[in-house]
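Encoded as structure tokens, the structure appears first; notes follow it.
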Amino acid sequence: SSLTAHEASNVGATQINIGANGQFIMDAAGAGTWTLTNNVTGAGQLVKQNTGTVLINQANTRTGLTAVNGGTLQLGDTGALGTGGVSVAAGGTLELLAGASGTFNNSIANNGLVKLGSTSLTWGSTLTGSGATTLLAGSTVTLNTDASAYTGAWTIESGAVAHMKKADNIGSGSVALNGTLNLATDTGAGNYTWGNVLTGAGDLNVTLSNKNDSFSFASTSGNAFTGRLVVNQGKYLFSTADKTGSGTLSGGTLVLGANGSARLDDNYAIGALT
């Protein structure tokens with residue numbers, strides 16, 4: 001069974017319990033935002049469809065799936081959807097607002113757009129799909145995600161800060177970096193090869209677990225990055241592409257911190273070295 005509502009007045013202030021085989025469909029359209037203040041419980045499915053925006057500001061105790069099939073579903077609390085998984089379809093947007101701080105552990109199948117605006121968020125869920133993920137200006141996100149099966153593109157806007165430990169935190173998609181991305185590997189992680197296509201003018205700060213571990217770019221990383229690679233700890237390994245001016249740092253700047261190093265054993269073409 002299913003219940004479809006188009007605006008707040010359709011459901012009043014009563015609790016909404018969605019049974020295991022049920023659906024509550026938020027069919028919001030238009031330019032306004034429907035703030036769903038009802039307490040939502042149950043194991044059934046919560047569906048956002050049509051082109052409008054629905055905002056959920058409070059934590060809920062439901063366990064069912066959430067489907068964002070169209071428009072935008074905004075969350076003002078990391079517990080707004082309960083503990084169930086989330087699917088975001090093409091044409092749909094899931095957005096965590098600035099106030100949604102803490103830990104977000106719901107698994108996400110993203111084939112649309114996920115926007116992260118949280119000022120202090122730890123994202124610990126499984127991320128799959130081929131949709132886009134954007135960290136908005138002013139956000140700070142720690143990526144503890146298992147995104148090993150995720151192929152979508154990342155955008156880290158100017159003023160956004162992301163923290164990661166390993167490649168599986170972001171998957172295999174491209175990264176448009178105009179903010180700050182801090183890569184700090186776990187103890188004993190060893191060498192790190194960056195394989196994602198990298199663009200933008202931001203800062204990629206690398207702190208490997210040991211100053212003797214090496215950081216390098218795969219040949220497919222691209223040469224459109226114009227930002228800074230800051231090696232705080234570890235060794236930067238130049239690639240063959242760096243010799244011809246087609247490497248990832250051909251337009252970027254290499255910055256070596258107190259425990260960072262780079263071995264120059266041939267002629268290389270990079271944007272700058274500091």
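Ordered as shown in the structure tokens, chains take letters A, B, and onward, while each chain numbers its residues from 1 and ligands are numbered from 1 in the order shown.
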
For Val11 in chain A, find every residue with an atom within 10 Å (counting only C-alpha atoms), except residues of its own chain fewer than 6 positions away, and show them as number ranges by chain. A: 3-5, 36-38

Written file, previous selection with N, CA and C atoms, as a PDB file, in the first residue's frame:
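Wrote it out as selection.pdb, contents follow:
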```pdb
ATOM      1  N   LEU A   3       0.822   5.803   0.351  1.00  0.00           N
ATOM      2  CA  LEU A   3       0.150   7.064   0.619  1.00  0.00           C
ATOM      3  C   LEU A   3       0.955   8.155  -0.057  1.00  0.00           C
ATOM      4  N   THR A   4       0.288   8.988  -0.855  1.00  0.00           N
ATOM      5  CA  THR A   4       0.951  10.076  -1.563  1.00  0.00           C
ATOM      6  C   THR A   4       0.473  11.409  -1.009  1.00  0.00           C
ATOM      7  N   ALA A   5       1.427  12.272  -0.691  1.00  0.00           N
ATOM      8  CA  ALA A   5       1.113  13.611  -0.222  1.00  0.00           C
ATOM      9  C   ALA A   5       1.868  14.622  -1.069  1.00  0.00           C
ATOM     10  N   LEU A  36       9.116  18.569   6.230  1.00  0.00           N
ATOM     11  CA  LEU A  36       8.391  17.435   6.811  1.00  0.00           C
ATOM     12  C   LEU A  36       8.740  17.359   8.291  1.00  0.00           C
ATOM     13  N   THR A  37       7.827  17.793   9.144  1.00  0.00           N
ATOM     14  CA  THR A  37       8.065  17.808  10.588  1.00  0.00           C
ATOM     15  C   THR A  37       7.523  16.564  11.281  1.00  0.00           C
ATOM     16  N   ASN A  38       6.801  15.733  10.555  1.00  0.00           N
ATOM     17  CA  ASN A  38       6.224  14.523  11.134  1.00  0.00           C
ATOM     18  C   ASN A  38       7.310  13.536  11.542  1.00  0.00           C
TER      19      ASN A  38
END
```

Please provide as a count of residues only all residues within 6 Å of Gly82 in chain A, with the sequence filter that same-chain residues fewer than 4 positions apart are discarded (counting only C-alpha atoms). 4

Find the residue from A:Thr274, A:Thr51, A:Ser221, A:Thr66 that sits nearest to Gly92 in chain A; use only C-alpha atoms when measuring. A:Thr51

Find the spatial neighbours of Leu97 in chain A, counting only C-alpha atoms, within a cut-off of 9 Å - ignore same-chain residues fewer than 3 positions away - and output them as a list in words.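 Contacts, in chain order: Gln74, Leu75, Gly76, Asp77, Ala100, Ser101, Lys115, Leu116, Gly117, Ser118 and Thr119 of chain A.
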
Written selection (C-alpha atoms) as a PDB file, in the first residue's frame:
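Once written, out.pdb looks like this:
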```pdb
ATOM      1  CA  GLN A  74      17.429  17.995   2.066  1.00  0.00           C
ATOM      2  CA  LEU A  75      18.574  16.705   5.453  1.00  0.00           C
ATOM      3  CA  GLY A  76      19.189  18.968   8.436  1.00  0.00           C
ATOM      4  CA  ASP A  77      20.093  16.031  10.692  1.00  0.00           C
ATOM      5  CA  ALA A 100      23.714  17.989   9.570  1.00  0.00           C
ATOM      6  CA  SER A 101      26.832  17.354  11.649  1.00  0.00           C
ATOM      7  CA  LYS A 115      25.625  17.421  -2.146  1.00  0.00           C
ATOM      8  CA  LEU A 116      27.440  17.721   1.171  1.00  0.00           C
ATOM      9  CA  GLY A 117      27.215  21.062   2.941  1.00  0.00           C
ATOM     10  CA  SER A 118      27.851  19.846   6.487  1.00  0.00           C
ATOM     11  CA  THR A 119      30.365  21.866   8.475  1.00  0.00           C
TER      12      THR A 119
END
```

Closest of A:Gly138, A:Gly71, A:Gly84, A:Gly131 to Ala98 in chain A - atom-to-atom distances counting only C-alpha atoms: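 Counting only C-alpha atoms, the residue closest to Ala98 in chain A is A:Gly138.
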